[in-house]
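Down below is the structure, laid out as C-alpha cells.
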Amino acid sequence: MQLRHLAYFASLGRELHFGRAAAACNITQSTLSAAIRQLEEEVGAPLVERDRRFRDFTPEGRVLLGWARRMLAERDLLDQELGALREGLTGHLRIGAIPMALPIVGMVTTPLLEAYPGVRMTVTSRTSTEIQRGLDEFHLEAGLTYLDNEPLHGLRAVPLYRERYLLVTPKDGPFAGRKEAAWSELAPLPLCLLTPDMQNRRILNGIFTEMGLTPAPRLETNSVMALYSQMRAGAWSSVLPHSFLWVAGIPPGMIAVPLARPDRSHKIGLVLRDQSPIPPLVAALEKAASGLRLQDMIEQLEADDRE
C-alpha cells in the first residue's frame, strides 16, 4: 500500500465527503476515487459504501481507516526524529482548544514557537468532545480542555490553571460597587451564554441546577467573540472565566464581579495522546507547558484589571 493512498483515505475519514477530501489533499476527485479503488483491490473488499455520494465506510474500511491513521502518525514521528537529527526540531502541530481556553493559547504556544523557528502550529476552536475524538483519530496532536469535569480516555494531561468565574455586567446596573455576586442572583438577568453543547455551559448548568436555578438566556452562541460583541452592544450580562480578561479585557461600560456562594472552579490543562514513543514536537510542547505559571499570570492580570 502506498502511503499517499492511505493519506487520501484518512482525509476521507476526516471530511466524510469525496470533494472536500480531495480538496484537502490538493488532488482531483477522480484521483481520490482511483486511490480508493486501488486500496480496495489490495484489501480484496469494498471500503466505502457509496452511490453518487459518500455514505459510510464498510467494516473493512473502518479497520483500514484505523490502521491508516496509525501508520501516518508513525511516519510523521519518523520524519520528526530524522529532521531533529539533521536540522533541529521542525514540523507541524495541530492543537484543538475549547473556546474558553482560546484567550490563553498564546501563552502556551509562544515559548515553543520562539524556541524552534522551524515549528508551525494550527490552532482550532473545538468542543471538548471534538478534542477527544481528534486525538483518538490522530487529527490533533494536543488539546486545551477541562481536566476534571468530564472523563478523558487514553490521554495524559498537564494542568495549567483553575478557571474561576466572573459576572460581566453593566457598571451602572444592580451590581455596581459589589465585591462579589452570588450565583442565586443571576436568574433574573438578561444573560448571554454559550450553547448547551459546550462544556463550559454544561459546567454552568450544573451549578445552576445545584442552586435550584433555571436561567433563560436571551442569547446563546458557540463563539466567545459573539458574547463579547453582544455585551458591548447593550445592557447584557454573561458569566465568563477570569482568563477571558487576558485577551479581551472588560468590555467598555461593564464591570467584572467574582462569583461566589458557592465558589466554583475547574481545572484547564494541556492533553496529549498517551503513547510511546512520544513524538519530539509533542514532547517539546509538553515540556514548555509544564514550565508555565499560568495561574499566577492570570491572577495578576485580574488584579491589575480590577484596580
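Identifiers in the C-alpha cells: chain A, B, ... in order shown; residue index from 1 per chain; ligand index from 1 in order shown.
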
task = Please provide as a PyMOL selection string all residues within 12 Å of Thr28 of chain A, with the sequence filter that same-chain residues fewer than 6 positions apart are discarded (counting only C-alpha atoms).
result = chain A and resi 8+18-22+34-35

Just to be explicit: take each residue in the selection above, keep N, CA and C atoms, and write the result as an mmCIF file, in the first residue's frame.
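Saved the output as part_23.cif:
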data_model
loop_
_atom_site.group_PDB
_atom_site.id
_atom_site.type_symbol
_atom_site.label_atom_id
_atom_site.label_comp_id
_atom_site.auth_asym_id
_atom_site.auth_seq_id
_atom_site.Cartn_x
_atom_site.Cartn_y
_atom_site.Cartn_z
ATOM 1 N N TYR A 8 -4.849 9.817 1.469
ATOM 2 C CA TYR A 8 -6.115 10.207 0.843
ATOM 3 C C TYR A 8 -7.291 9.558 1.577
ATOM 4 N N PHE A 18 -16.342 13.204 -0.560
ATOM 5 C CA PHE A 18 -15.304 12.977 -1.568
ATOM 6 C C PHE A 18 -14.665 14.281 -2.036
ATOM 7 N N GLY A 19 -15.482 15.277 -2.350
ATOM 8 C CA GLY A 19 -14.959 16.538 -2.863
ATOM 9 C C GLY A 19 -14.073 17.246 -1.858
ATOM 10 N N ARG A 20 -14.544 17.343 -0.598
ATOM 11 C CA ARG A 20 -13.752 18.032 0.422
ATOM 12 C C ARG A 20 -12.464 17.272 0.723
ATOM 13 N N ALA A 21 -12.531 15.942 0.735
ATOM 14 C CA ALA A 21 -11.331 15.146 0.991
ATOM 15 C C ALA A 21 -10.298 15.355 -0.103
ATOM 16 N N ALA A 22 -10.746 15.379 -1.358
ATOM 17 C CA ALA A 22 -9.826 15.608 -2.477
ATOM 18 C C ALA A 22 -9.211 17.000 -2.383
ATOM 19 N N ALA A 34 -9.650 6.868 -7.629
ATOM 20 C CA ALA A 34 -8.737 5.852 -8.154
ATOM 21 C C ALA A 34 -7.889 5.259 -7.034
ATOM 22 N N ALA A 35 -7.441 6.094 -6.098
ATOM 23 C CA ALA A 35 -6.635 5.605 -4.974
ATOM 24 C C ALA A 35 -7.454 4.665 -4.098
#

request  = Tell me which protein, DNA and RNA residues are within 7 Å of segment 275-286 of chain A, counting only C-alpha atoms, leaving out same-chain ones fewer than 6 positions away, and put them as a PyMOL selection string.
outcome  = chain A and resi 77+80-81+112+141

Atoms kept (N, CA and C atoms) for selection, written as an mmCIF file, in the first residue's frame:
data_model
loop_
_atom_site.group_PDB
_atom_site.id
_atom_site.type_symbol
_atom_site.label_atom_id
_atom_site.label_comp_id
_atom_site.auth_asym_id
_atom_site.auth_seq_id
_atom_site.Cartn_x
_atom_site.Cartn_y
_atom_site.Cartn_z
ATOM 1 N N LEU A 77 6.083 10.684 12.969
ATOM 2 C CA LEU A 77 7.047 10.561 14.072
ATOM 3 C C LEU A 77 8.450 10.314 13.531
ATOM 4 N N GLN A 80 9.864 13.505 12.117
ATOM 5 C CA GLN A 80 10.281 14.436 13.170
ATOM 6 C C GLN A 80 11.627 14.038 13.764
ATOM 7 N N GLU A 81 11.805 12.738 14.038
ATOM 8 C CA GLU A 81 13.049 12.292 14.667
ATOM 9 C C GLU A 81 14.235 12.456 13.719
ATOM 10 N N LEU A 112 7.291 27.645 22.620
ATOM 11 C CA LEU A 112 7.769 26.653 21.658
ATOM 12 C C LEU A 112 8.075 27.296 20.311
ATOM 13 N N GLU A 141 -2.652 16.789 17.627
ATOM 14 C CA GLU A 141 -1.552 16.315 18.465
ATOM 15 C C GLU A 141 -1.724 16.732 19.920
#

request  = Would you list the contacts of Gly13 of chain A as a PyMOL selection string, taking every protein, DNA or RNA residue within 12 Å and counting only C-alpha atoms, but skipping same-chain residues closer than 5 positions in sequence?
outcome  = chain A and resi 6-8+18+20-22+24+36+47-48+54-58+61-69+134+137-139

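Within 8 Å of Leu140 of chain A, once only C-alpha atoms are used and residues closer than 3 positions along the same chain are dropped, the contacting residues are Leu93, Arg94, Ile95, Gly96, Ile131, Gly134, Leu135, Glu137 and Gly143 of chain A.
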
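Counting only C-alpha atoms, Val105 of chain A has the following residues at most 10 Å away, ignoring those fewer than 4 positions along the same chain: Ile95, Gly96, Ala97, Met100, Ala101, Thr109, Thr110, Val123, Leu144 and Val247 of chain A.
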